[in-house]
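What follows is the content of query-v1.pdb (PDB, C-alpha atoms and all ligand atoms).
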```pdb
ATOM      1  CA  MET B   1     120.719 109.290  69.914
ATOM      2  CA  ALA B   2     118.136 107.306  67.940
ATOM      3  CA  VAL B   3     117.534 103.663  68.736
ATOM      4  CA  GLN B   4     120.279 101.641  66.994
ATOM      5  CA  THR B   5     119.105  98.073  67.537
ATOM      6  CA  TYR B   6     115.703  96.528  68.217
ATOM      7  CA  PHE B   7     116.005  92.881  69.301
ATOM      8  CA  THR B   8     113.008  90.566  68.900
ATOM      9  CA  PRO B   9     113.962  87.351  70.738
ATOM     10  CA  GLN B  10     111.862  84.313  69.834
ATOM     11  CA  SER B  11     112.286  82.418  73.101
ATOM     12  CA  LEU B  12     112.853  83.045  76.818
ATOM     13  CA  ASP B  13     116.367  81.564  76.579
ATOM     14  CA  GLU B  14     117.233  84.017  73.826
ATOM     15  CA  ALA B  15     115.738  86.948  75.780
ATOM     16  CA  VAL B  16     117.613  86.267  79.031
ATOM     17  CA  GLY B  17     120.760  85.577  76.981
ATOM     18  CA  LEU B  18     120.481  89.059  75.431
ATOM     19  CA  LEU B  19     119.976  90.589  78.886
ATOM     20  CA  ALA B  20     123.047  88.793  80.221
ATOM     21  CA  GLU B  21     125.070  89.987  77.221
ATOM     22  CA  HIS B  22     123.961  93.632  77.108
ATOM     23  CA  GLY B  23     122.992  94.365  80.731
ATOM     24  CA  PRO B  24     121.032  97.450  81.745
ATOM     25  CA  SER B  25     121.827  99.283  78.480
ATOM     26  CA  LEU B  26     119.151  97.069  76.873
ATOM     27  CA  LEU B  27     115.684  98.567  77.406
ATOM     28  CA  VAL B  28     113.036  95.885  77.910
ATOM     29  CA  MET B  29     109.760  96.731  76.169
ATOM     30  CA  ALA B  30     106.529  94.770  76.519
ATOM     31  CA  GLY B  31     103.423  96.616  75.260
ATOM     32  CA  GLY B  32     105.356  99.891  74.970
ATOM     33  CA  THR B  33     102.485 102.050  76.277
ATOM     34  CA  VAL B  34     104.807 103.705  78.795
ATOM     35  CA  THR B  35     108.204 103.284  77.149
ATOM     36  CA  MET B  36     107.279 104.449  73.633
ATOM     37  CA  PRO B  37     105.843 107.863  74.621
ATOM     38  CA  LEU B  38     108.992 108.525  76.696
ATOM     39  CA  ILE B  39     111.200 107.637  73.720
ATOM     40  CA  ASN B  40     109.101 109.694  71.291
ATOM     41  CA  GLU B  41     109.352 112.731  73.573
ATOM     42  CA  GLY B  42     113.136 112.321  73.939
ATOM     43  CA  ILE B  43     112.884 111.709  77.704
ATOM     44  CA  SER B  44     114.230 108.170  77.343
ATOM     45  CA  THR B  45     117.065 107.677  74.855
ATOM     46  CA  PRO B  46     117.983 103.979  74.733
ATOM     47  CA  ASP B  47     120.168 102.821  71.869
ATOM     48  CA  GLN B  48     119.128  99.183  72.260
ATOM     49  CA  ILE B  49     115.637  97.818  72.887
ATOM     50  CA  MET B  50     114.430  94.269  73.419
ATOM     51  CA  GLY B  51     110.780  93.717  72.516
ATOM     52  CA  LEU B  52     109.090  90.863  74.399
ATOM     53  CA  LYS B  53     106.098  90.314  72.139
ATOM     54  CA  GLN B  54     107.492  87.229  70.389
ATOM     55  CA  VAL B  55     109.026  85.542  73.435
ATOM     56  CA  GLY B  56     105.847  83.552  74.129
ATOM     57  CA  LEU B  57     105.051  84.913  77.585
ATOM     58  CA  ASP B  58     101.381  85.610  76.911
ATOM     59  CA  ALA B  59      99.673  82.395  78.087
ATOM     60  CA  VAL B  60      97.155  82.230  80.930
ATOM     61  CA  SER B  61      96.521  78.901  82.672
ATOM     62  CA  VAL B  62      94.499  77.772  85.676
ATOM     63  CA  GLY B  63      95.490  74.797  87.841
ATOM     64  CA  ASN B  64      95.694  73.788  91.520
ATOM     65  CA  GLY B  65      93.867  76.928  92.578
ATOM     66  CA  ILE B  66      96.431  79.207  90.916
ATOM     67  CA  VAL B  67      96.026  81.395  87.844
ATOM     68  CA  SER B  68      99.378  81.742  86.047
ATOM     69  CA  ILE B  69      99.533  84.817  83.867
ATOM     70  CA  GLY B  70     102.362  85.280  81.381
ATOM     71  CA  ALA B  71     104.018  88.673  81.827
ATOM     72  CA  THR B  72     103.125  89.930  78.330
ATOM     73  CA  THR B  73      99.455  88.983  78.601
ATOM     74  CA  THR B  74      97.509  92.099  77.634
ATOM     75  CA  LEU B  75      95.255  93.987  80.035
ATOM     76  CA  THR B  76      92.424  93.260  77.589
ATOM     77  CA  SER B  77      92.904  89.519  78.211
ATOM     78  CA  MET B  78      92.402  90.175  81.930
ATOM     79  CA  VAL B  79      88.965  91.643  81.232
ATOM     80  CA  ALA B  80      87.918  88.155  80.061
ATOM     81  CA  LEU B  81      89.454  86.282  83.027
ATOM     82  CA  SER B  82      86.339  84.940  84.764
ATOM     83  CA  ALA B  83      88.347  82.913  87.335
ATOM     84  CA  ILE B  84      89.135  86.111  89.314
ATOM     85  CA  PRO B  85      86.449  88.797  88.955
ATOM     86  CA  MET B  86      88.527  91.370  90.872
ATOM     87  CA  LEU B  87      91.195  91.261  88.153
ATOM     88  CA  GLN B  88      88.483  91.759  85.526
ATOM     89  CA  GLU B  89      87.250  94.835  87.395
ATOM     90  CA  ALA B  90      90.745  96.205  87.839
ATOM     91  CA  ALA B  91      91.614  95.717  84.169
ATOM     92  CA  THR B  92      88.376  97.374  83.096
ATOM     93  CA  SER B  93      89.244 100.440  85.160
ATOM     94  CA  THR B  94      92.743 100.678  83.659
ATOM     95  CA  ALA B  95      93.103 103.245  80.845
ATOM     96  CA  ALA B  96      91.006 102.760  77.664
ATOM     97  CA  TRP B  97      90.654  99.849  75.223
ATOM     98  CA  THR B  98      93.440 101.179  72.984
ATOM     99  CA  ILE B  99      95.954 101.080  75.851
ATOM    100  CA  ARG B 100      94.596  97.817  77.286
ATOM    101  CA  ASN B 101      95.045  96.122  73.916
ATOM    102  CA  MET B 102      98.778  96.930  74.012
ATOM    103  CA  GLY B 103      99.645  97.275  77.708
ATOM    104  CA  THR B 104     100.634  94.146  79.604
ATOM    105  CA  VAL B 105     100.077  92.741  83.077
ATOM    106  CA  GLY B 106     103.840  92.559  83.651
ATOM    107  CA  GLY B 107     104.295  96.157  82.499
ATOM    108  CA  ASN B 108     101.656  97.324  84.985
ATOM    109  CA  LEU B 109     103.951  96.248  87.850
ATOM    110  CA  PHE B 110     106.660  98.692  86.742
ATOM    111  CA  VAL B 111     104.663 101.883  86.166
ATOM    112  CA  PRO B 112     104.874 104.644  88.778
ATOM    113  CA  PRO B 113     101.800 105.699  90.763
ATOM    114  CA  PRO B 114      99.096 106.891  90.208
ATOM    115  CA  ALA B 115      99.207 104.151  87.514
ATOM    116  CA  GLY B 116      99.474 100.493  88.497
ATOM    117  CA  ASP B 117      95.773  99.733  88.933
ATOM    118  CA  LEU B 118      96.025  96.020  88.201
ATOM    119  CA  ALA B 119      99.131  95.811  90.404
ATOM    120  CA  VAL B 120      97.049  96.950  93.399
ATOM    121  CA  ALA B 121      94.549  94.126  92.845
ATOM    122  CA  LEU B 122      97.363  91.583  92.406
ATOM    123  CA  LEU B 123      98.910  92.727  95.699
ATOM    124  CA  ALA B 124      95.623  92.207  97.570
ATOM    125  CA  LEU B 125      95.438  88.694  96.111
ATOM    126  CA  ASP B 126      98.887  87.641  97.418
ATOM    127  CA  ALA B 127     100.260  87.252  93.883
ATOM    128  CA  GLN B 128     103.852  86.108  93.321
ATOM    129  CA  VAL B 129     106.124  86.945  90.405
ATOM    130  CA  LYS B 130     108.553  84.644  88.624
ATOM    131  CA  LEU B 131     111.906  86.262  87.800
ATOM    132  CA  VAL B 132     114.178  84.513  85.312
ATOM    133  CA  SER B 133     117.812  85.089  84.335
ATOM    134  CA  SER B 134     120.304  82.997  82.373
ATOM    135  CA  GLY B 135     121.471  81.696  85.778
ATOM    136  CA  GLY B 136     118.089  80.377  86.961
ATOM    137  CA  GLU B 137     114.739  81.505  88.305
ATOM    138  CA  ARG B 138     113.128  82.577  91.579
ATOM    139  CA  VAL B 139     109.626  83.363  92.775
ATOM    140  CA  VAL B 140     109.082  86.522  94.821
ATOM    141  CA  PRO B 141     105.877  87.549  96.639
ATOM    142  CA  LEU B 142     104.576  90.757  95.095
ATOM    143  CA  ALA B 143     104.560  92.274  98.599
ATOM    144  CA  GLN B 144     108.386  92.074  98.471
ATOM    145  CA  PHE B 145     108.815  93.053  94.806
ATOM    146  CA  TRP B 146     108.913  96.859  95.059
ATOM    147  CA  SER B 147     111.819  98.492  96.868
ATOM    148  CA  GLY B 148     110.945 102.160  96.271
ATOM    149  CA  TRP B 149     109.598 104.601  93.691
ATOM    150  CA  MET B 150     110.171 102.939  90.299
ATOM    151  CA  SER B 151     112.554 100.421  91.826
ATOM    152  CA  THR B 152     112.203  96.699  92.463
ATOM    153  CA  VAL B 153     114.256  93.815  93.850
ATOM    154  CA  MET B 154     114.913  92.545  90.311
ATOM    155  CA  ALA B 155     118.538  92.064  89.309
ATOM    156  CA  GLU B 156     119.753  93.752  86.114
ATOM    157  CA  ASP B 157     119.864  90.440  84.242
ATOM    158  CA  GLU B 158     116.391  89.266  85.306
ATOM    159  CA  LEU B 159     113.171  89.311  83.355
ATOM    160  CA  LEU B 160     109.717  89.106  84.903
ATOM    161  CA  THR B 161     108.067  86.177  83.136
ATOM    162  CA  GLU B 162     104.938  85.185  85.069
ATOM    163  CA  ILE B 163     102.491  86.362  87.708
ATOM    164  CA  GLN B 164     100.975  83.600  89.868
ATOM    165  CA  VAL B 165      97.681  84.451  91.533
ATOM    166  CA  PRO B 166      95.880  82.207  94.055
ATOM    167  CA  ILE B 167      92.141  82.092  93.281
ATOM    168  CA  PRO B 168      90.677  83.953  96.275
ATOM    169  CA  GLU B 169      88.255  82.452  98.770
ATOM    170  CA  GLY B 170      85.958  84.763 100.734
ATOM    171  CA  GLU B 171      85.123  88.279  99.615
ATOM    172  CA  THR B 172      86.959  90.760  97.424
ATOM    173  CA  ALA B 173      86.343  94.405  96.577
ATOM    174  CA  TYR B 174      88.044  96.763  94.149
ATOM    175  CA  LEU B 175      87.390 100.494  93.963
ATOM    176  CA  LYS B 176      89.245 103.054  91.872
ATOM    177  CA  TYR B 177      88.400 106.699  92.364
ATOM    178  CA  GLY B 178      89.423 109.212  89.698
ATOM    179  CA  ARG B 179      88.255 112.559  88.386
ATOM    180  CA  LYS B 180      86.177 110.818  85.721
ATOM    181  CA  HIS B 181      84.240 107.572  85.840
ATOM    182  CA  ALA B 182      86.612 105.763  83.457
ATOM    183  CA  ASN B 183      89.875 106.185  81.546
ATOM    184  CA  THR B 184      91.363 108.370  84.263
ATOM    185  CA  PRO B 185      94.386 108.307  86.585
ATOM    186  CA  ALA B 186      93.647 107.249  90.141
ATOM    187  CA  ILE B 187      93.152 109.610  93.033
ATOM    188  CA  VAL B 188      93.109 106.454  95.135
ATOM    189  CA  THR B 189      92.744 102.766  94.358
ATOM    190  CA  VAL B 190      91.668 100.225  96.988
ATOM    191  CA  ALA B 191      91.709  96.430  96.602
ATOM    192  CA  ALA B 192      90.621  94.225  99.492
ATOM    193  CA  HIS B 193      90.377  90.505 100.149
ATOM    194  CA  ILE B 194      88.789  89.152 103.313
ATOM    195  CA  VAL B 195      88.195  85.610 104.528
ATOM    196  CA  SER B 196      85.832  85.155 107.491
ATOM    197  CA  ASP B 197      85.111  82.186 109.702
ATOM    198  CA  GLY B 198      81.841  82.266 111.655
ATOM    199  CA  GLY B 199      81.545  86.018 111.135
ATOM    200  CA  ILE B 200      85.090  86.706 112.368
ATOM    201  CA  VAL B 201      87.774  87.830 109.931
ATOM    202  CA  SER B 202      90.557  85.230 109.699
ATOM    203  CA  LYS B 203      92.518  86.819 106.834
ATOM    204  CA  ALA B 204      92.589  90.407 105.587
ATOM    205  CA  ARG B 205      94.470  91.954 102.719
ATOM    206  CA  LEU B 206      94.106  95.657 101.998
ATOM    207  CA  ALA B 207      96.155  97.006  99.085
ATOM    208  CA  LEU B 208      96.297 100.691  98.212
ATOM    209  CA  GLY B 209      97.340 102.550  95.071
ATOM    210  CA  ALA B 210      98.342 106.195  94.460
ATOM    211  CA  VAL B 211      99.082 106.789  98.151
ATOM    212  CA  GLY B 212     102.716 105.708  98.304
ATOM    213  CA  PRO B 213     105.813 105.187  96.146
ATOM    214  CA  HIS B 214     104.283 101.944  94.792
ATOM    215  CA  PRO B 215     101.219  99.813  95.586
ATOM    216  CA  ILE B 216     101.300  99.225  99.350
ATOM    217  CA  ARG B 217      99.636  96.914 101.859
ATOM    218  CA  ALA B 218      97.855  98.623 104.764
ATOM    219  CA  ILE B 219      99.319  96.164 107.271
ATOM    220  CA  GLU B 220      98.133  98.048 110.389
ATOM    221  CA  ALA B 221      94.571  98.248 109.065
ATOM    222  CA  GLU B 222      94.658  94.542 108.161
ATOM    223  CA  ALA B 223      95.599  93.820 111.788
ATOM    224  CA  VAL B 224      92.570  95.814 112.974
ATOM    225  CA  LEU B 225      90.304  93.591 110.867
ATOM    226  CA  VAL B 226      91.725  90.160 111.743
ATOM    227  CA  GLY B 227      89.924  88.638 114.735
ATOM    228  CA  SER B 228      87.026  91.121 114.522
ATOM    229  CA  SER B 229      83.626  91.054 112.900
ATOM    230  CA  LEU B 230      83.032  93.507 110.072
ATOM    231  CA  ASP B 231      80.934  95.785 112.262
ATOM    232  CA  LYS B 232      80.681  99.512 111.596
ATOM    233  CA  ALA B 233      83.097 100.522 114.367
ATOM    234  CA  THR B 234      85.803  98.097 113.135
ATOM    235  CA  LEU B 235      85.413  99.261 109.525
ATOM    236  CA  ALA B 236      85.695 102.912 110.585
ATOM    237  CA  THR B 237      88.817 102.213 112.672
ATOM    238  CA  ALA B 238      90.436 100.240 109.827
ATOM    239  CA  ALA B 239      89.740 103.070 107.352
ATOM    240  CA  THR B 240      91.241 105.669 109.701
ATOM    241  CA  VAL B 241      94.305 103.533 110.409
ATOM    242  CA  ALA B 242      94.854 102.911 106.658
ATOM    243  CA  ALA B 243      94.634 106.636 105.877
ATOM    244  CA  ASP B 244      96.967 107.581 108.755
ATOM    245  CA  ALA B 245      99.612 105.048 107.673
ATOM    246  CA  SER B 246      99.550 105.997 103.969
ATOM    247  CA  GLU B 247     102.028 108.320 102.250
ATOM    248  CA  PRO B 248      99.989 110.147  99.602
ATOM    249  CA  PHE B 249     101.569 112.640  97.219
ATOM    250  CA  THR B 250     100.473 115.735  95.351
ATOM    251  CA  ASP B 251     100.366 115.706  91.559
ATOM    252  CA  ALA B 252      98.269 117.184  88.756
ATOM    253  CA  VAL B 253      95.452 114.793  89.644
ATOM    254  CA  ALA B 254      95.000 115.492  93.370
ATOM    255  CA  SER B 255      96.682 116.909  96.455
ATOM    256  CA  GLU B 256      98.184 114.846  99.237
ATOM    257  CA  TRP B 257      95.471 116.227 101.573
ATOM    258  CA  TYR B 258      92.629 115.158  99.275
ATOM    259  CA  ARG B 259      94.104 111.725  98.564
ATOM    260  CA  ARG B 260      94.386 110.941 102.284
ATOM    261  CA  ARG B 261      90.779 111.955 102.899
ATOM    262  CA  MET B 262      89.466 110.034  99.925
ATOM    263  CA  LEU B 263      91.517 107.002 100.928
ATOM    264  CA  LYS B 264      89.629 106.839 104.223
ATOM    265  CA  VAL B 265      86.305 107.118 102.379
ATOM    266  CA  TYR B 266      87.167 104.454  99.797
ATOM    267  CA  VAL B 267      88.657 101.964 102.266
ATOM    268  CA  GLY B 268      85.431 102.355 104.255
ATOM    269  CA  ARG B 269      83.349 101.775 101.127
ATOM    270  CA  ALA B 270      85.315  98.695 100.043
ATOM    271  CA  LEU B 271      85.012  97.133 103.507
ATOM    272  CA  SER B 272      81.306  97.996 103.788
ATOM    273  CA  GLN B 273      80.737  96.347 100.417
ATOM    274  CA  MET B 274      82.318  93.137 101.695
ATOM    275  CA  ALA B 275      80.339  93.333 104.942
ATOM    276  CA  GLY B 276      77.182  93.415 102.819
ATOM    277  CA  GLU B 277      76.288  96.965 103.859
ATOM    278  CA  GLY B 278      76.363  98.539 100.418
ATOM    279  CA  GLU B 279      79.079 101.130 100.031
ATOM    280  CA  GLY B 280      78.747 102.848 103.400
ATOM    281  CA  ASP B 281      79.273 106.611 103.753
TER     282      ASP B 281
HETATM  283  C1  LIG Q 301      96.981 107.166  77.904
HETATM  284  C2  LIG Q 301      97.435 106.197  78.979
HETATM  285  C3  LIG Q 301      96.568 105.897  80.014
HETATM  286  C4  LIG Q 301      96.971 104.996  81.004
HETATM  287  N1  LIG Q 301      96.099 104.734  82.001
HETATM  288  C5  LIG Q 301      96.431 103.852  82.968
HETATM  289  C6  LIG Q 301      95.510 103.549  84.016
HETATM  290  O1  LIG Q 301      94.390 104.052  84.089
HETATM  291  N2  LIG Q 301      95.917 102.656  84.966
HETATM  292  C7  LIG Q 301      97.141 102.063  84.937
HETATM  293  O2  LIG Q 301      97.429 101.243  85.810
HETATM  294  N3  LIG Q 301      98.037 102.329  83.954
HETATM  295  C8  LIG Q 301      97.709 103.204  82.971
HETATM  296  N4  LIG Q 301      98.609 103.501  81.979
HETATM  297  C9  LIG Q 301      99.970 102.939  82.063
HETATM  298  C10 LIG Q 301     100.251 101.679  81.209
HETATM  299  O3  LIG Q 301      99.630 101.693  79.991
HETATM  300  C11 LIG Q 301      99.886 100.370  81.847
HETATM  301  O4  LIG Q 301     100.229 100.397  83.212
HETATM  302  C12 LIG Q 301     100.499  99.136  81.155
HETATM  303  O5  LIG Q 301     100.121  97.982  81.908
HETATM  304  C13 LIG Q 301     102.027  99.149  80.991
HETATM  305  O6  LIG Q 301     102.391  97.939  80.315
HETATM  306  P1  LIG Q 301     103.313  97.921  79.006
HETATM  307  O7  LIG Q 301     103.468  96.491  78.636
HETATM  308  O8  LIG Q 301     102.800  98.810  77.938
HETATM  309  O9  LIG Q 301     104.665  98.525  79.577
HETATM  310  P2  LIG Q 301     105.969  98.984  78.775
HETATM  311  O10 LIG Q 301     105.787 100.402  78.339
HETATM  312  O11 LIG Q 301     106.338  98.004  77.728
HETATM  313  O12 LIG Q 301     107.058  98.892  79.938
HETATM  314  C14 LIG Q 301     106.924  99.665  81.109
HETATM  315  C15 LIG Q 301     108.143  99.365  82.020
HETATM  316  O13 LIG Q 301     108.092  98.019  82.473
HETATM  317  C16 LIG Q 301     109.281  97.301  82.131
HETATM  318  N5  LIG Q 301     108.850  95.941  81.792
HETATM  319  C17 LIG Q 301     107.700  95.619  81.134
HETATM  320  N6  LIG Q 301     107.559  94.281  81.077
HETATM  321  C18 LIG Q 301     108.651  93.748  81.704
HETATM  322  C19 LIG Q 301     109.069  92.414  81.980
HETATM  323  N7  LIG Q 301     108.318  91.352  81.609
HETATM  324  N8  LIG Q 301     110.238  92.202  82.638
HETATM  325  C20 LIG Q 301     110.978  93.281  83.040
HETATM  326  N9  LIG Q 301     110.627  94.565  82.802
HETATM  327  C21 LIG Q 301     109.478  94.801  82.149
HETATM  328  C22 LIG Q 301     109.876  98.074  80.960
HETATM  329  O14 LIG Q 301     111.278  97.913  80.887
HETATM  330  C23 LIG Q 301     109.486  99.509  81.307
HETATM  331  O15 LIG Q 301     110.408 100.043  82.238
HETATM  332  C24 LIG Q 301      98.247 104.396  80.959
HETATM  333  C25 LIG Q 301      99.106 104.692  79.905
HETATM  334  C26 LIG Q 301      98.713 105.581  78.918
HETATM  335  C27 LIG Q 301      99.668 105.886  77.806
END
```

Do you think you could lay out the structure here as structure tokens?
Amino acid sequence: MAVQTYFTPQSLDEAVGLLAEHGPSLLVMAGGTVTMPLINEGISTPDQIMGLKQVGLDAVSVGNGIVSIGATTTLTSMVALSAIPMLQEAATSTAAWTIRNMGTVGGNLFVPPPAGDLAVALLALDAQVKLVSSGGERVVPLAQFWSGWMSTVMAEDELLTEIQVPIPEGETAYLKYGRKHANTPAIVTVAAHIVSDGGIVSKARLALGAVGPHPIRAIEAEAVLVGSSLDKATLATAATVAADASEPFTDAVASEWYRRRMLKVYVGRALSQMAGEGEGD
């Protein structure tokens, strides 16, 4: 069936009101870079769509050490976000300008792996997401947002409206490895954030993309890093532990076997970069 109704709410109240009224039969569309191709190919057949472009969720603000990013902010806007260079890098490695001009930060949290490049960086930065319904709002850490492949903890009547990102202290690193240098799906994506005190790691975040059902934290590898110096032996152990704990998959881009091996290499490189040793092996 062709799309019967395309709603263009002009405010958040109107948008969550439409969600409450129509429920899951209403397809939410932000930039449409994922949803539109599926509709055009007949894979997705919604009869009602709600476009978010006029809701006013595209502002970015910085205050109290937090960058608040409206859910429909484009990936292109992230390229200009000097407050958090890792997000600039991640946005630059996501698709091509044409897609970045349409695709949104919020939308990037819903795409299945190997996409979700910005989501991996946001996870390493301890981002939180604001979820709003006609009944109220709640803030959920991104680490608790995904519940499985293409599933999240969002209720059917909730809309993701904002991503809140603490400006990181310490060191960050972001590496995406694909078959081409740019405009390519990920074989693996690694985003890391480390805070050290007197040469000893006091906080470690290691987020991985394309090696699980959604962006994942390498919790065991983070534990290896905390309390240690970033010496070669620790970095090698952390990379091995991250690769062993990952759940890569095989697709047209790469095999599970290759992803796991490249994950170890790229975690090692990201950590070496932060330790000031170049990119390691
Ligand atoms: C050619 C091509 C190349 C690509 N390359 C990459 C790449 O290299 N890296 C990468 O990460 N991605 C890539 N993508 C995927 C995609 O473009 C981006 O991930 C983009 O950020 C998706 O955002 P969108 O606003 O267009 O999503 P949409 O298509 O509008 O929506 C995607 C999903 O998110 C849901 N959704 C969106 N916003 C909200 C919200 N605020 N609240 C609730 N639900 C919402 C929608 O209901 C839908 O299920 C590529 C896509 C294409 C077509």

List as a Markdown table every residue of chain B that is in contact with ligand LIG 301 (chain Q), defined as an atom at most 6 Å from one of its atoms (using only C-alpha atoms and all ligand atoms), together with the nearest atom pair and the distance in Å rounded to one decimal, sorted by chain and then rising number.
```
| residue | atom | partner | partner_atom | distance |
| --- | --- | --- | --- | --- |
| B:Leu27 | CA | Q:LIG301 | O14 | 5.7 |
| B:Val28 | CA | Q:LIG301 | O14 | 4.0 |
| B:Met29 | CA | Q:LIG301 | O11 | 4.0 |
| B:Ala30 | CA | Q:LIG301 | O11 | 3.5 |
| B:Gly31 | CA | Q:LIG301 | O7 | 3.4 |
| B:Gly32 | CA | Q:LIG301 | O10 | 3.4 |
| B:Thr33 | CA | Q:LIG301 | O8 | 3.7 |
| B:Val34 | CA | Q:LIG301 | O10 | 3.5 |
| B:Thr35 | CA | Q:LIG301 | O10 | 3.9 |
| B:Ala71 | CA | Q:LIG301 | N7 | 5.1 |
| B:Thr94 | CA | Q:LIG301 | O1 | 3.8 |
| B:Ala95 | CA | Q:LIG301 | N1 | 3.5 |
| B:Ile99 | CA | Q:LIG301 | O3 | 5.6 |
| B:Met102 | CA | Q:LIG301 | O8 | 5.9 |
| B:Gly103 | CA | Q:LIG301 | O8 | 3.5 |
| B:Thr104 | CA | Q:LIG301 | O7 | 3.8 |
| B:Val105 | CA | Q:LIG301 | O5 | 5.4 |
| B:Gly106 | CA | Q:LIG301 | N6 | 4.8 |
| B:Gly107 | CA | Q:LIG301 | O6 | 3.4 |
| B:Asn108 | CA | Q:LIG301 | O5 | 3.5 |
| B:Phe110 | CA | Q:LIG301 | O13 | 4.6 |
| B:Val111 | CA | Q:LIG301 | O4 | 5.5 |
| B:Ala115 | CA | Q:LIG301 | O2 | 3.8 |
| B:Gly116 | CA | Q:LIG301 | O2 | 3.5 |
| B:Asp117 | CA | Q:LIG301 | O2 | 3.8 |
| B:Leu118 | CA | Q:LIG301 | O2 | 5.9 |
| B:Leu159 | CA | Q:LIG301 | N8 | 4.2 |
| B:Leu160 | CA | Q:LIG301 | N8 | 3.9 |
| B:Thr161 | CA | Q:LIG301 | N7 | 5.4 |
| B:Asn183 | CA | Q:LIG301 | O1 | 5.6 |
| B:Thr184 | CA | Q:LIG301 | O1 | 5.3 |
| B:Pro185 | CA | Q:LIG301 | O1 | 4.9 |
```

Please evaluate the PyMOL selection byres (((chain B and resi 240) around 12) and not hetatm) against the displayed coordinates and give the resulting residues as a ChimeraX atom specification. /B:218,220-222,224,233-239,241-246,260-268

Two-atom distance - atom CA of B:Leu123, atom CA of B:Asp231 (Å): 24.6 Å

Evaluating the PyMOL selection byres (((chain B and resi 128) around 7) and not hetatm) on the displayed file yields which residues, as a compact mmCIF listing (two decimals) with C-alpha atoms, in the coordinates of the input?
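Saved to part.txt:
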```
# COMPACT_ATOMS: atom_id res chain seq x y z
CA ASP B 126 98.89 87.64 97.42
CA ALA B 127 100.26 87.25 93.88
CA VAL B 129 106.12 86.94 90.40
CA LYS B 130 108.55 84.64 88.62
CA VAL B 139 109.63 83.36 92.78
CA VAL B 140 109.08 86.52 94.82
CA PRO B 141 105.88 87.55 96.64
CA LEU B 142 104.58 90.76 95.10
CA ILE B 163 102.49 86.36 87.71
CA GLN B 164 100.98 83.60 89.87
CA VAL B 165 97.68 84.45 91.53
```

Applying the PyMOL selection byres (((chain B and resi 87) around 12) and not hetatm) to the file I just gave you, which residues come out? Please list them as number ranges by chain. B: 67, 69, 75-86, 88-94, 105, 117-125, 127, 165-168, 172-175, 191-192

Non-local contacts of B:Thr189 (7 Å; all atoms listed in the file; under 5 positions in same chain excluded) as a PyMOL selection string: chain B and resi 117+175-177+208-210

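Take the candidates B:Asn101, B:Gly136, B:Pro114, B:Thr74 and check each one against B:Ala20 using all atoms listed in the file; the shortest distance goes to B:Gly136.
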
Rank B:Leu19, B:Glu14, B:Glu169, B:Pro46 by their smallest atom-to-atom distance to B:Gly65, using all atoms listed in the file, and report the top residue only.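 Ranking B:Leu19, B:Glu14, B:Glu169, B:Pro46 by distance to B:Gly65, first place goes to B:Glu169.
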
Return the single residue from B:Thr98, B:Asn40, B:Asn64, B:Ser11 that is closest to B:Leu52, with distances computed using all atoms listed in the file.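 Residue with the minimum atom-to-atom distance to B:Leu52: B:Ser11.
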
Hey, can you pull every residue with an atom no more than 6 Å from (92.2, 92.0, 107.0), using all atoms listed in the file, and send it as a list in words?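 Residues found, by chain and rising number: Ile194, Lys203, Ala204, Arg205, Glu222, Leu225 and Val226 of chain B.
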
Please, which residues are within 7 Å of (102.6, 87.3, 76.9) by the file's coordinates, counting only C-alpha atoms, and could they come as a VMD selection string? chain B and resid 53 56 to 59 70 to 73

Mind dumping the selected residues with C-alpha atoms as a PDB file, in the frame of the given file?
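Result file follows (out_19.pdb):
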```pdb
ATOM      1  CA  LYS B  53     106.098  90.314  72.139  1.00  0.00           C
ATOM      2  CA  GLY B  56     105.847  83.552  74.129  1.00  0.00           C
ATOM      3  CA  LEU B  57     105.051  84.913  77.585  1.00  0.00           C
ATOM      4  CA  ASP B  58     101.381  85.610  76.911  1.00  0.00           C
ATOM      5  CA  ALA B  59      99.673  82.395  78.087  1.00  0.00           C
ATOM      6  CA  GLY B  70     102.362  85.280  81.381  1.00  0.00           C
ATOM      7  CA  ALA B  71     104.018  88.673  81.827  1.00  0.00           C
ATOM      8  CA  THR B  72     103.125  89.930  78.330  1.00  0.00           C
ATOM      9  CA  THR B  73      99.455  88.983  78.601  1.00  0.00           C
TER      10      THR B  73
END
```

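We find atom CA of B:Pro213 and atom CA of B:Thr152 to be spaced 11.2 Å apart.
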
Enter the distance from atom CA of B:Tyr6 to atom CA of B:Pro37, in Å, rounded to one decimal.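 It comes out at 16.3 Å.
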
Which is closest to B:His193 among B:Thr5, B:Ser147, B:Gln273, B:Ser25, if we use all atoms listed in the file?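 When distances to B:His193 are compared using all atoms listed in the file, the smallest one comes from B:Gln273.
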
Judged by only C-alpha atoms, the minimum distance to B:Gln144 among B:Ala186, B:Asp47, B:Ala96, B:Ile216 is found for B:Ile216

Pick the closest to B:Ile200 from B:Ile187, B:Leu230, B:Ala223, B:Val253: which is it, counting all atoms listed in the file?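 The closest residue to B:Ile200 is B:Leu230.
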
Would you compute the box with edges along x, y and z of the file around stretch 146-159 of chain B, including every atom the file lists for it and 8 Å extra on each side, and give its centre and edge lengths in Å to one decimal, as AutoDock Vina command-line options?
```
--center_x 114.4 --center_y 96.9 --center_z 90.1 --size_x 27.0 --size_y 31.3 --size_z 29.5
```
